[in-house]
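A.B. asks: The structure follows.
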Amino acid sequence: MEENKDYMTTDQILETAGIPLLLFVILIYYGMRLWFMKDISAIRGKNKPPVKVLTVKSYYAKCAGKLMFFFAVATLVMMLLLFWNTYVAVAEIIICTVILGILWHNMNAKYGD
């Protein structure tokens with residue numbers, strides 16, 4: 001009696017989705033750290049100058065947290081697309097990375113240095 005091997009095993013699923021899931025968890029962690037704790041030193045580093053005005057710090061942290069959550073969702077969508085088509089998944093994450101870079105630059109220009 002032959003077994004049907006058309007389904008993915010757990011090892012294959014973890015191999016395909018492992019790194020995107022890990023990145024998703026890391027992005028959610030930093031997004032929550034920014035959104036709730038307003039800890040901008042986590043992303044700016046210790047040697048960077050502080051944001052323009054102290055009251056702007058909360059706006060900077062909230063906007064950066066939103067961008068982290070956006071990229072976390074984009075990573076989750078990429079992980080799901082990997083099971084369907086690898087090329088579409090890579091294209092989606094490249095487009096979202098470019099969007100994130102543009103939005104991050106605008107946020108840093110408005111609230112940052």
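Naming scheme: A, B, ... for chains in displayed order of the structure tokens; residues 1 onward per chain; ligands 1 onward as shown.
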Per residue of segment 51-107 of chain A within 6 Å of segment 29-36 of chain A, note the shortest atom pair and the distance in Å to one decimal, counting only C-alpha atoms, and order the rows by chain and increasing residue number, as CSV.
C.D. replies:
residue,atom,partner,partner_atom,distance
A:Ala61,CA,A:Leu34,CA,5.1
A:Lys62,CA,A:Trp35,CA,5.0
A:Gly65,CA,A:Gly31,CA,4.3
A:Met68,CA,A:Gly31,CA,5.0
A:Phe69,CA,A:Gly31,CA,5.8
A.B. asks: Taking 2 positions as the minimum chain separation for residues in the same chain, which residues sit within 9 Å of Leu100 of chain A when counting only C-alpha atoms? Answer as a PyMOL selection string.
C.D. replies: chain A and resi 67-68+70-71+95-98+102-105
A.B. asks: Using N, CA and C atoms, can you export the residues from the last selection as a PDB file, in the first residue's frame?
C.D. replies:
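Generated file (again_18.pdb):
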ATOM      1  N   LEU A  67       5.211  51.403  12.163  1.00  0.00           N
ATOM      2  CA  LEU A  67       5.989  50.897  11.034  1.00  0.00           C
ATOM      3  C   LEU A  67       6.524  49.498  11.314  1.00  0.00           C
ATOM      4  N   MET A  68       6.906  49.230  12.553  1.00  0.00           N
ATOM      5  CA  MET A  68       7.350  47.882  12.918  1.00  0.00           C
ATOM      6  C   MET A  68       6.197  46.887  12.774  1.00  0.00           C
ATOM      7  N   PHE A  70       3.621  47.230  10.781  1.00  0.00           N
ATOM      8  CA  PHE A  70       3.397  47.096   9.339  1.00  0.00           C
ATOM      9  C   PHE A  70       4.345  46.063   8.740  1.00  0.00           C
ATOM     10  N   PHE A  71       5.633  46.154   9.101  1.00  0.00           N
ATOM     11  CA  PHE A  71       6.598  45.225   8.531  1.00  0.00           C
ATOM     12  C   PHE A  71       6.414  43.817   9.091  1.00  0.00           C
ATOM     13  N   ILE A  95       8.893  44.967  -2.055  1.00  0.00           N
ATOM     14  CA  ILE A  95       8.033  46.153  -2.161  1.00  0.00           C
ATOM     15  C   ILE A  95       7.758  46.730  -0.781  1.00  0.00           C
ATOM     16  N   CYS A  96       7.456  45.868   0.200  1.00  0.00           N
ATOM     17  CA  CYS A  96       7.178  46.344   1.559  1.00  0.00           C
ATOM     18  C   CYS A  96       8.421  46.932   2.216  1.00  0.00           C
ATOM     19  N   THR A  97       9.595  46.402   1.894  1.00  0.00           N
ATOM     20  CA  THR A  97      10.840  46.961   2.432  1.00  0.00           C
ATOM     21  C   THR A  97      11.086  48.358   1.874  1.00  0.00           C
ATOM     22  N   VAL A  98      10.824  48.562   0.592  1.00  0.00           N
ATOM     23  CA  VAL A  98      10.974  49.887  -0.009  1.00  0.00           C
ATOM     24  C   VAL A  98       9.977  50.861   0.611  1.00  0.00           C
ATOM     25  N   ILE A 102      10.936  54.263   2.810  1.00  0.00           N
ATOM     26  CA  ILE A 102      10.438  55.609   2.501  1.00  0.00           C
ATOM     27  C   ILE A 102       9.692  56.190   3.696  1.00  0.00           C
ATOM     28  N   LEU A 103       8.800  55.399   4.289  1.00  0.00           N
ATOM     29  CA  LEU A 103       8.039  55.886   5.448  1.00  0.00           C
ATOM     30  C   LEU A 103       8.952  56.156   6.642  1.00  0.00           C
ATOM     31  N   TRP A 104       9.972  55.310   6.829  1.00  0.00           N
ATOM     32  CA  TRP A 104      10.909  55.521   7.942  1.00  0.00           C
ATOM     33  C   TRP A 104      11.710  56.805   7.734  1.00  0.00           C
ATOM     34  N   HIS A 105      12.129  57.055   6.498  1.00  0.00           N
ATOM     35  CA  HIS A 105      12.857  58.286   6.191  1.00  0.00           C
ATOM     36  C   HIS A 105      11.985  59.508   6.471  1.00  0.00           C
TER      37      HIS A 105
END
A.B. asks: Which one of A:Val73, A:Leu81, A:Ile43, A:Val88 sits closest to Asn108 of chain A if you count only C-alpha atoms?
C.D. replies: A:Ile43
A.B. asks: Which residues are close to Ile94 of chain A, i.e. within 12 Å by only C-alpha atoms, leaving aside same-chain residues fewer than 5 positions away? Reply as a list in words.
C.D. replies: Phe71, Ala74, Thr75, Met78, Tyr87, Val88, Ala89, Ile99, Leu100 and Gly101 of chain A
A.B. asks: Work out how far apart atom CA of Met37 of chain A and atom CA of Ser58 of chain A are and give it in Å to one decimal.
C.D. replies: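 Atom CA of Met37 of chain A sits 9.4 Å away from atom CA of Ser58 of chain A.
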A.B. asks: Excluding Ala72 of chain A and any residue of its chain fewer than 6 positions from it, enumerate the residues within 8 Å of it, using only C-alpha atoms, and give them as a PyMOL selection string.
C.D. replies: chain A and resi 23-25+27-28
A.B. asks: Using the chain letters and numbers from this document, which residues of segment 47-91 of chain A does DSSP assign to helix (DSSP H, G or I), as a PyMOL selection string?
C.D. replies: chain A and resi 56-82+86-91
A.B. asks: In Å, rounded to a single decimal, give me how far atom CA of Asn106 of chain A is from atom CA of Ile93 of chain A.
C.D. replies: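 Between atom CA of Ile93 of chain A and atom CA of Asn106 of chain A the gap works out to 19.7 Å.
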